[in-house]
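The file target02.tsv contains TSV, C-alpha atoms:
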```
chain	number	residue	atom	x	y	z
B	1	GLN	CA	2.87	21.86	27.98
B	2	VAL	CA	1.22	18.95	26.23
B	3	GLN	CA	1.09	15.60	28.02
B	4	LEU	CA	0.22	12.36	26.23
B	5	VAL	CA	-1.67	9.36	27.60
B	6	GLU	CA	-2.00	6.15	25.59
B	7	SER	CA	-4.72	3.55	26.02
B	8	GLY	CA	-6.24	0.60	24.21
B	9	GLY	CA	-3.50	-1.95	24.50
B	10	GLY	CA	-4.11	-5.49	25.65
B	11	LEU	CA	-3.93	-9.18	24.81
B	12	VAL	CA	-5.39	-10.36	21.52
B	13	GLN	CA	-5.14	-13.49	19.42
B	14	SER	CA	-3.33	-13.55	16.12
B	15	GLY	CA	-5.58	-12.13	13.42
B	16	GLY	CA	-7.44	-9.94	15.88
B	17	SER	CA	-7.74	-6.17	16.15
B	18	LEU	CA	-7.03	-3.42	18.62
B	19	ARG	CA	-7.50	0.32	18.54
B	20	LEU	CA	-4.94	2.44	20.34
B	21	SER	CA	-5.70	5.97	21.48
B	22	CYS	CA	-3.38	8.75	22.55
B	23	THR	CA	-5.01	11.75	24.16
B	24	ALA	CA	-3.18	15.00	24.71
B	25	SER	CA	-3.76	17.62	27.35
B	26	GLY	CA	-3.46	21.27	26.42
B	27	SER	CA	-4.84	23.36	23.60
B	28	SER	CA	-2.16	23.07	20.93
B	29	PHE	CA	-2.65	19.47	19.84
B	30	ALA	CA	-3.59	20.41	16.27
B	31	SER	CA	-0.15	21.94	15.69
B	32	TYR	CA	1.73	18.70	16.41
B	33	ASP	CA	2.75	15.99	14.01
B	34	MET	CA	1.80	12.75	15.73
B	35	SER	CA	3.27	9.31	15.44
B	36	TRP	CA	3.20	5.85	16.94
B	37	TYR	CA	6.34	3.93	17.81
B	38	ARG	CA	6.84	0.51	19.29
B	39	GLN	CA	9.59	-1.17	21.23
B	40	THR	CA	10.43	-4.69	22.29
B	41	PRO	CA	13.04	-5.64	24.90
B	42	GLY	CA	16.57	-5.25	23.66
B	43	LYS	CA	15.57	-3.44	20.50
B	44	GLU	CA	15.44	0.19	19.51
B	45	ARG	CA	12.15	2.01	19.36
B	46	GLU	CA	10.82	1.89	15.80
B	47	LEU	CA	8.45	4.16	13.95
B	48	VAL	CA	5.18	2.45	13.08
B	49	ALA	CA	2.97	5.21	11.67
B	50	SER	CA	2.78	8.99	11.51
B	51	ILE	CA	0.27	11.69	10.63
B	52	THR	CA	1.10	15.32	10.00
B	53	ALA	CA	-0.57	18.29	11.63
B	54	GLY	CA	-1.92	20.21	8.67
B	55	ARG	CA	-2.69	18.02	5.68
B	56	ARG	CA	-2.84	14.87	7.78
B	57	ARG	CA	-0.43	13.08	5.51
B	58	THR	CA	0.13	9.56	6.76
B	59	ASP	CA	3.08	7.24	6.52
B	60	TYR	CA	3.61	3.64	7.64
B	61	ALA	CA	6.36	1.17	8.27
B	62	ASP	CA	6.40	-1.51	5.59
B	63	SER	CA	5.66	-4.16	8.20
B	64	VAL	CA	2.24	-2.66	9.01
B	65	LYS	CA	1.09	-1.24	5.68
B	66	GLY	CA	-2.38	-2.44	4.82
B	67	ARG	CA	-3.03	-3.57	8.41
B	68	PHE	CA	-2.69	-0.45	10.56
B	69	THR	CA	-4.41	2.91	10.09
B	70	ILE	CA	-3.47	6.11	11.88
B	71	SER	CA	-5.96	8.95	12.25
B	72	ARG	CA	-6.53	11.99	14.40
B	73	ASP	CA	-9.42	13.93	15.85
B	74	ASN	CA	-8.20	17.40	16.74
B	75	ALA	CA	-11.49	18.27	18.42
B	76	LYS	CA	-10.82	15.45	20.88
B	77	ASN	CA	-7.04	16.01	21.09
B	78	THR	CA	-6.62	12.37	20.18
B	79	VAL	CA	-4.66	10.30	17.71
B	80	PHE	CA	-5.75	6.75	16.99
B	81	MET	CA	-4.20	3.69	15.49
B	82	GLN	CA	-6.47	0.93	14.28
B	83	MET	CA	-4.54	-2.32	14.17
B	84	ASN	CA	-6.03	-5.20	12.20
B	85	SER	CA	-4.76	-8.66	11.29
B	86	LEU	CA	-2.40	-8.55	14.22
B	87	LYS	CA	0.57	-10.89	14.27
B	88	PRO	CA	2.70	-12.15	17.16
B	89	GLU	CA	5.56	-10.00	15.87
B	90	ASP	CA	3.41	-6.92	16.54
B	91	THR	CA	3.81	-7.60	20.26
B	92	ALA	CA	5.50	-4.56	21.80
B	93	VAL	CA	5.01	-1.52	23.97
B	94	TYR	CA	3.44	1.16	21.80
B	95	TYR	CA	4.23	4.83	22.37
B	96	CYS	CA	2.78	7.96	20.86
B	97	LYS	CA	4.96	10.94	20.09
B	98	ALA	CA	4.13	14.58	19.45
B	99	GLU	CA	6.53	16.89	17.66
B	100	ARG	CA	6.59	20.22	15.96
B	101	PRO	CA	9.33	22.56	14.69
B	102	PHE	CA	11.46	24.37	17.27
B	103	ASP	CA	9.95	22.40	20.14
B	104	ARG	CA	11.09	19.30	21.97
B	105	SER	CA	9.43	16.00	21.23
B	106	LEU	CA	6.91	14.65	23.71
B	107	TRP	CA	6.25	10.99	24.52
B	108	GLY	CA	3.51	9.10	26.26
B	109	GLN	CA	4.12	6.41	28.85
B	110	GLY	CA	3.35	3.52	26.51
B	111	THR	CA	0.73	0.80	26.28
B	112	GLN	CA	1.45	-2.92	26.01
B	113	VAL	CA	0.14	-4.88	23.03
B	114	THR	CA	0.49	-8.64	23.17
B	115	VAL	CA	-0.55	-10.87	20.28
B	116	SER	CA	-0.76	-14.57	21.01
B	117	SER	CA	-0.26	-17.19	18.33
```

Could you rewrite the structure in this file as structure tokens?
Amino acid sequence: QVQLVESGGGLVQSGGSLRLSCTASGSSFASYDMSWYRQTPGKERELVASITAGRRRTDYADSVKGRFTISRDNAKNTVFMQMNSLKPEDTAVYYCKAERPFDRSLWGQGTQVTVSS
């Protein structure tokens, strides 16, 4: 059973950068499609970026295109998200998610990102 642990969140000024990491336990990380979501109080969790297992195809929410980059290192069981040009509206709890066919989705515990204006 894969478990996910996020890290890298924190407080940053508008225009700054952060790099989030999500490390998975277990040996099957490479078979999972990975994604980052974020959530603010009172709102639904929204998809920010995703990367597939095989061809590493990436996809981004319109609000972060050109600013965020998702990547993965299967040797380290880790997915990253480089966040540049951060804005106050990027403030949220960020979660990573692992999913693959015929298996239940797995979530990390979340990491807080706060962008001050």

(request) Have a look at atom CA of Arg56 of chain B and atom CA of Gly110 of chain B and let me know their distance in Å, one decimal. (result) 22.8 Å

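Distance annotation: of B:Val93, B:Leu47, B:Ala53, B:Leu11, the residue with the minimal separation from Ser31 of chain B is B:Ala53; atom set is all atoms listed in the file.
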
(request) Go ahead and compute the interatomic distance for atom CA of Ser35 of chain B and atom CA of Ser105 of chain B, in Å to one decimal. (result) 10.8 Å

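Near Gly8 of chain B, within a cut-off of 7 Å and counting only C-alpha atoms, sit the residues Leu18, Arg19, Leu20 and Ser21 of chain B, with same-chain residues fewer than 3 positions away left out.
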
Output file for the residues above (C-alpha atoms, as an mmCIF file, in the coordinates of the input):
```cif
data_model
loop_
_atom_site.group_PDB
_atom_site.id
_atom_site.type_symbol
_atom_site.label_atom_id
_atom_site.label_comp_id
_atom_site.auth_asym_id
_atom_site.auth_seq_id
_atom_site.Cartn_x
_atom_site.Cartn_y
_atom_site.Cartn_z
ATOM 1 C CA LEU B 18 -7.030 -3.420 18.620
ATOM 2 C CA ARG B 19 -7.500 0.320 18.540
ATOM 3 C CA LEU B 20 -4.940 2.440 20.340
ATOM 4 C CA SER B 21 -5.700 5.970 21.480
#
```

(request) Find the residue from B:Asp33, B:Asp59, B:Asp73, B:Glu44 that sits nearest to Lys97 of chain B; use only C-alpha atoms when measuring. (result) B:Asp33

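We find atom CA of Ala92 of chain B and atom CA of Gln109 of chain B to be spaced 13.1 Å apart.
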
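Compared by their closest atoms to Arg45 of chain B, and using all atoms listed in the file, the residues B:Gln82, B:Thr58, B:Trp107, B:Val64 rank with B:Trp107 nearest.
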
Atoms added to segment 31-64 of chain B (N, CA and C atoms), reported as an mmCIF file, in the frame of the given file:
```cif
data_model
loop_
_atom_site.group_PDB
_atom_site.id
_atom_site.type_symbol
_atom_site.label_atom_id
_atom_site.label_comp_id
_atom_site.auth_asym_id
_atom_site.auth_seq_id
_atom_site.Cartn_x
_atom_site.Cartn_y
_atom_site.Cartn_z
ATOM 1 N N SER B 31 -1.395 21.459 16.290
ATOM 2 C CA SER B 31 -0.150 21.940 15.690
ATOM 3 C C SER B 31 0.953 20.882 15.679
ATOM 4 N N TYR B 32 0.714 19.746 16.295
ATOM 5 C CA TYR B 32 1.730 18.700 16.410
ATOM 6 C C TYR B 32 1.576 17.630 15.329
ATOM 7 N N ASP B 33 2.702 17.241 14.757
ATOM 8 C CA ASP B 33 2.750 15.990 14.010
ATOM 9 C C ASP B 33 2.734 14.870 15.044
ATOM 10 N N MET B 34 1.942 13.842 14.766
ATOM 11 C CA MET B 34 1.800 12.750 15.730
ATOM 12 C C MET B 34 2.270 11.444 15.108
ATOM 13 N N SER B 35 2.815 10.589 15.941
ATOM 14 C CA SER B 35 3.270 9.310 15.440
ATOM 15 C C SER B 35 3.155 8.244 16.518
ATOM 16 N N TRP B 36 3.170 7.008 16.063
ATOM 17 C CA TRP B 36 3.200 5.850 16.940
ATOM 18 C C TRP B 36 4.510 5.109 16.717
ATOM 19 N N TYR B 37 5.140 4.744 17.820
ATOM 20 C CA TYR B 37 6.340 3.930 17.810
ATOM 21 C C TYR B 37 6.063 2.672 18.619
ATOM 22 N N ARG B 38 6.927 1.700 18.445
ATOM 23 C CA ARG B 38 6.840 0.510 19.290
ATOM 24 C C ARG B 38 8.242 0.025 19.633
ATOM 25 N N GLN B 39 8.293 -0.701 20.752
ATOM 26 C CA GLN B 39 9.590 -1.170 21.230
ATOM 27 C C GLN B 39 9.432 -2.516 21.911
ATOM 28 N N THR B 40 10.355 -3.408 21.607
ATOM 29 C CA THR B 40 10.430 -4.690 22.290
ATOM 30 C C THR B 40 11.746 -4.742 23.059
ATOM 31 N N PRO B 41 11.836 -5.592 24.079
ATOM 32 C CA PRO B 41 13.040 -5.640 24.900
ATOM 33 C C PRO B 41 14.301 -5.885 24.074
ATOM 34 N N GLY B 42 15.292 -5.089 24.325
ATOM 35 C CA GLY B 42 16.570 -5.250 23.660
ATOM 36 C C GLY B 42 16.660 -4.641 22.279
ATOM 37 N N LYS B 43 15.580 -4.041 21.828
ATOM 38 C CA LYS B 43 15.570 -3.440 20.500
ATOM 39 C C LYS B 43 15.298 -1.942 20.600
ATOM 40 N N GLU B 44 15.711 -1.237 19.546
ATOM 41 C CA GLU B 44 15.440 0.190 19.510
ATOM 42 C C GLU B 44 13.960 0.454 19.210
ATOM 43 N N ARG B 45 13.518 1.595 19.654
ATOM 44 C CA ARG B 45 12.150 2.010 19.360
ATOM 45 C C ARG B 45 12.031 2.272 17.854
ATOM 46 N N GLU B 46 10.985 1.735 17.248
ATOM 47 C CA GLU B 46 10.820 1.890 15.800
ATOM 48 C C GLU B 46 9.532 2.633 15.470
ATOM 49 N N LEU B 47 9.613 3.429 14.410
ATOM 50 C CA LEU B 47 8.450 4.160 13.950
ATOM 51 C C LEU B 47 7.471 3.210 13.257
ATOM 52 N N VAL B 48 6.215 3.303 13.658
ATOM 53 C CA VAL B 48 5.180 2.450 13.080
ATOM 54 C C VAL B 48 4.317 3.234 12.102
ATOM 55 N N ALA B 49 3.856 4.413 12.519
ATOM 56 C CA ALA B 49 2.970 5.210 11.670
ATOM 57 C C ALA B 49 3.035 6.668 12.118
ATOM 58 N N SER B 50 2.758 7.566 11.187
ATOM 59 C CA SER B 50 2.780 8.990 11.510
ATOM 60 C C SER B 50 1.678 9.707 10.746
ATOM 61 N N ILE B 51 1.279 10.862 11.283
ATOM 62 C CA ILE B 51 0.270 11.690 10.630
ATOM 63 C C ILE B 51 0.648 13.147 10.895
ATOM 64 N N THR B 52 0.662 13.953 9.844
ATOM 65 C CA THR B 52 1.100 15.320 10.000
ATOM 66 C C THR B 52 -0.022 16.201 10.562
ATOM 67 N N ALA B 53 0.375 17.391 10.983
ATOM 68 C CA ALA B 53 -0.570 18.290 11.630
ATOM 69 C C ALA B 53 -1.555 18.901 10.649
ATOM 70 N N GLY B 54 -1.059 19.437 9.556
ATOM 71 C CA GLY B 54 -1.920 20.210 8.670
ATOM 72 C C GLY B 54 -2.717 19.361 7.700
ATOM 73 N N ARG B 55 -2.010 18.781 6.744
ATOM 74 C CA ARG B 55 -2.690 18.020 5.680
ATOM 75 C C ARG B 55 -2.982 16.584 6.071
ATOM 76 N N ARG B 56 -2.581 16.219 7.268
ATOM 77 C CA ARG B 56 -2.840 14.870 7.780
ATOM 78 C C ARG B 56 -2.276 13.804 6.845
ATOM 79 N N ARG B 57 -1.099 14.079 6.337
ATOM 80 C CA ARG B 57 -0.430 13.080 5.510
ATOM 81 C C ARG B 57 0.009 11.944 6.403
ATOM 82 N N THR B 58 -0.210 10.732 5.963
ATOM 83 C CA THR B 58 0.130 9.560 6.760
ATOM 84 C C THR B 58 1.283 8.784 6.132
ATOM 85 N N ASP B 59 1.979 8.069 6.976
ATOM 86 C CA ASP B 59 3.080 7.240 6.520
ATOM 87 C C ASP B 59 3.159 6.023 7.439
ATOM 88 N N TYR B 60 3.605 4.891 6.884
ATOM 89 C CA TYR B 60 3.610 3.640 7.640
ATOM 90 C C TYR B 60 4.892 2.873 7.423
ATOM 91 N N ALA B 61 5.283 2.135 8.445
ATOM 92 C CA ALA B 61 6.360 1.170 8.270
ATOM 93 C C ALA B 61 5.870 0.073 7.328
ATOM 94 N N ASP B 62 6.782 -0.465 6.541
ATOM 95 C CA ASP B 62 6.400 -1.510 5.590
ATOM 96 C C ASP B 62 5.730 -2.691 6.281
ATOM 97 N N SER B 63 6.159 -2.982 7.489
ATOM 98 C CA SER B 63 5.660 -4.160 8.200
ATOM 99 C C SER B 63 4.194 -4.049 8.596
ATOM 100 N N VAL B 64 3.634 -2.831 8.574
ATOM 101 C CA VAL B 64 2.240 -2.660 9.010
ATOM 102 C C VAL B 64 1.332 -2.106 7.915
#
```
